[in-house]
Amino acid sequence: AAVLVDTGEVIALVSQPGYNLNDFSPVLKQSTFDTIDAEGGWLHRAVQGLYPPASTFKVITALAALQIPEYQPLKEIYCGPSFTLADRRFRENRAQGHGYVNLTKGLAVSSNVYFYKLGFETGIDRIAKQAKLMGLGEPTGIELPYEARNSIVPDPEWKRSIGRGGWLHGETINVAIGQGDLTVTPLQMAAVAASIAGKRNRTPLTLIHGTRPAIPETPPDDPLLKHFELVTEGMLRCVQSGTGSVMRTEGVSIAGKTGTAQVFPGGVEK
């Protein structure tokens, strides 16, 4: 999904596998229906598919942390091959680690260890609050039927409400890198990217050209502007020299954030 930053207008919305509307005329054959059904082509993944956002969520963890006065985003901390919590090791995305990392480098190279540590210090309440502020956990309101309504921003209250007991620190650091019980639609994360580019917490979306939803602007003296600028700098570095360098284009300034979710069939890690 792609969203115009200034207007909130959705300019591209793609779901694969899909189907050819020409196959529906003059009548949809049973064999065609069965093929689409077997491939899962009826599901509009951009607005109905629920997935872990993976490392794309690190921008939200960063924004949550930046609101803590004591946090020093330019300070470099050592990020080795793993982060140990209690008796469990949480692995980095690079066998040898990333060495000394600050916030912008952490976003550029998508350091898990940096964001494990940052998420642990920030806490799930701040992270979940920032995620909800940016529209996760609820539909975008796009003018399409059957938008997913059950995306999840997990926190202690949510976990208790479904009868799974108390919250664990390991769950916090999983959420901090976009894993665990966290689920979003691609459209929701496109809206988050549009909000960061526009230096605001929320971007209402529309499919209708020429209409402009009411978009709350961040006041020029709001300290949040500097937070968005730091995150944007990390996203620029991601494309210039980091994990998103395949998108680097001569003469065009592109900011982005990569993400690769881990999915365990049947909930079992292999």
# chains A, B, ... in the order shown; residues from 1 in each chain; ligands from 1
call {"tool": "select_by_dssp", "arguments": {"residues": "stretch 35-255 of chain A", "states": "helix (DSSP H, G or I)", "output": "PyMOL selection string"}}
result
chain A and resi 35-39+45-48+54-65+103-109+112-122+124-133+156-161+169-176+186-197+224-241+245-247
call {"tool": "closest_atom_pairs", "arguments": {"of": "stretch 188-237 of chain A", "to": "stretch 133-151 of chain A", "cutoff": "10 Å", "atoms": "only C-alpha atoms", "output": "Markdown table"}}
result
| residue | atom | partner | partner_atom | distance |
| --- | --- | --- | --- | --- |
| A:Gln188 | CA | A:Leu136 | CA | 6.5 |
| A:Met189 | CA | A:Leu136 | CA | 8.1 |
| A:Ala191 | CA | A:Gly135 | CA | 8.1 |
| A:Val192 | CA | A:Met134 | CA | 6.2 |
| A:Ala193 | CA | A:Met134 | CA | 9.8 |
| A:Ser195 | CA | A:Met134 | CA | 7.7 |
| A:Ile196 | CA | A:Met134 | CA | 9.4 |
| A:Arg200 | CA | A:Met134 | CA | 8.6 |
| A:Asn201 | CA | A:Met134 | CA | 5.1 |
| A:Arg202 | CA | A:Met134 | CA | 5.1 |
| A:Thr203 | CA | A:Met134 | CA | 8.0 |
| A:Pro204 | CA | A:Thr140 | CA | 7.0 |
| A:Leu205 | CA | A:Ile142 | CA | 5.8 |
| A:Thr206 | CA | A:Ile142 | CA | 5.5 |
| A:Leu207 | CA | A:Glu143 | CA | 6.4 |
| A:Ile208 | CA | A:Glu143 | CA | 8.2 |
call {"tool": "closest_residue", "arguments": {"among": "A:Pro81, A:Pro216, A:Gly8, A:Gly18", "to": "A:Lys199", "atoms": "only C-alpha atoms"}}
result
A:Pro216
call {"tool": "atom_distance", "arguments": {"atom1": "atom CA of A:Gly178", "atom2": "atom CA of A:Met247"}}
result
21.7 Å
call {"tool": "atom_distance", "arguments": {"atom1": "atom CA of A:Val175", "atom2": "atom CA of A:Ser161"}}
result
17.9 Å
call {"tool": "residues_around", "arguments": {"residues": "A:Asn174", "least_positions_apart": "2", "cutoff": "10 Å", "atoms": "only C-alpha atoms", "output": "number ranges by chain"}}
result
A: 54, 90, 112, 115-116, 119-120, 169-172, 176-182
call {"tool": "closest_residue", "arguments": {"among": "A:Ser245, A:Gln67, A:Asn20, A:Thr7", "to": "A:Lys226", "atoms": "only C-alpha atoms"}}
result
A:Gln67
call {"tool": "closest_residue", "arguments": {"among": "A:Asp222, A:Asp125, A:Glu92, A:Glu70", "to": "A:Pro154", "atoms": "only C-alpha atoms"}}
result
A:Asp125
call {"tool": "residues_around", "arguments": {"residues": "A:Gly251", "least_positions_apart": "3", "cutoff": "12 Å", "atoms": "only C-alpha atoms", "output": "ChimeraX atom specification"}}
result
/A:240,248,254
call {"tool": "write_last_selection", "arguments": {"atoms": "C-alpha atoms", "output": "JSON list (two decimals), in the first residue's frame"}}
result
[["chain", "number", "residue", "atom", "x", "y", "z"],
["A", 240, "GLN", "CA", 21.43, 5.01, 1.81],
["A", 248, "ARG", "CA", 18.68, 3.49, -3.19],
["A", 254, "ILE", "CA", 14.23, 7.86, -0.05]]
call {"tool": "closest_residue", "arguments": {"among": "A:Asn22, A:Leu13, A:His98, A:Ile127", "to": "A:Ala65", "atoms": "only C-alpha atoms"}}
result
A:Ile127
call {"tool": "select_by_dssp", "arguments": {"residues": "stretch 2-212 of chain A", "states": "strand (DSSP E)", "output": "list in words"}}
result
Ala2, Val3, Val10, Ile11, Ala12, Ile77, Tyr78, Cys79, Ser82, Phe83, Thr84, Leu85, Arg88, Arg89, Phe90, Arg91, Gly99, Tyr100 and Val101 of chain A
call {"tool": "atom_distance", "arguments": {"atom1": "atom CA of A:Asp37", "atom2": "atom CA of A:Ile152"}}
result
26.2 Å
call {"tool": "closest_residue", "arguments": {"among": "A:Gly165, A:Gly242, A:Pro220, A:Gly123", "to": "A:Ala64", "atoms": "only C-alpha atoms"}}
result
A:Gly123
call {"tool": "residues_around", "arguments": {"residues": "A:Leu230", "least_positions_apart": "5", "cutoff": "12 Å", "atoms": "only C-alpha atoms", "output": "PyMOL selection string"}}
result
chain A and resi 59+62-63+65-66+72-74+102-108+196-197+199+223-225+235-237+255
call {"tool": "closest_residue", "arguments": {"among": "A:Pro52, A:Pro26, A:Pro17, A:Gly198", "to": "A:Ala38", "atoms": "only C-alpha atoms"}}
result
A:Pro17
call {"tool": "residues_around", "arguments": {"residues": "A:Asn93", "least_positions_apart": "2", "cutoff": "7 Å", "atoms": "only C-alpha atoms", "output": "list in words"}}
result
Arg91, Ala95, Ser111 and Asn112 of chain A
call {"tool": "residues_around", "arguments": {"residues": "A:Gly49", "least_positions_apart": "3", "cutoff": "9 Å", "atoms": "only C-alpha atoms", "output": "PyMOL selection string"}}
result
chain A and resi 43-46+147-148+184-186
call {"tool": "write_last_selection", "arguments": {"atoms": "N, CA and C atoms", "output": "mmCIF file, in the first residue's frame"}}
result
data_model
loop_
_atom_site.group_PDB
_atom_site.id
_atom_site.type_symbol
_atom_site.label_atom_id
_atom_site.label_comp_id
_atom_site.auth_asym_id
_atom_site.auth_seq_id
_atom_site.Cartn_x
_atom_site.Cartn_y
_atom_site.Cartn_z
ATOM 1 N N LEU A 43 -8.836 -12.972 -0.165
ATOM 2 C CA LEU A 43 -8.429 -12.101 0.942
ATOM 3 C C LEU A 43 -7.671 -10.890 0.410
ATOM 4 N N HIS A 44 -8.172 -9.704 0.734
ATOM 5 C CA HIS A 44 -7.487 -8.462 0.350
ATOM 6 C C HIS A 44 -6.427 -8.186 1.414
ATOM 7 N N ARG A 45 -5.211 -8.657 1.138
ATOM 8 C CA ARG A 45 -4.182 -8.643 2.170
ATOM 9 C C ARG A 45 -3.798 -7.252 2.653
ATOM 10 N N ALA A 46 -3.880 -6.264 1.812
ATOM 11 C CA ALA A 46 -3.478 -4.912 2.219
ATOM 12 C C ALA A 46 -4.355 -4.365 3.335
ATOM 13 N N GLU A 147 -12.638 -4.222 6.237
ATOM 14 C CA GLU A 147 -11.295 -3.962 6.762
ATOM 15 C C GLU A 147 -11.118 -4.720 8.072
ATOM 16 N N ALA A 148 -9.938 -5.267 8.277
ATOM 17 C CA ALA A 148 -9.659 -6.016 9.507
ATOM 18 C C ALA A 148 -9.903 -5.140 10.729
ATOM 19 N N VAL A 184 -0.655 -6.338 12.545
ATOM 20 C CA VAL A 184 -1.075 -5.117 11.844
ATOM 21 C C VAL A 184 -1.446 -5.495 10.415
ATOM 22 N N THR A 185 -2.103 -4.567 9.719
ATOM 23 C CA THR A 185 -2.300 -4.727 8.273
ATOM 24 C C THR A 185 -1.235 -3.895 7.549
ATOM 25 N N PRO A 186 -0.903 -4.265 6.313
ATOM 26 C CA PRO A 186 0.022 -3.435 5.538
ATOM 27 C C PRO A 186 -0.453 -1.987 5.416
#
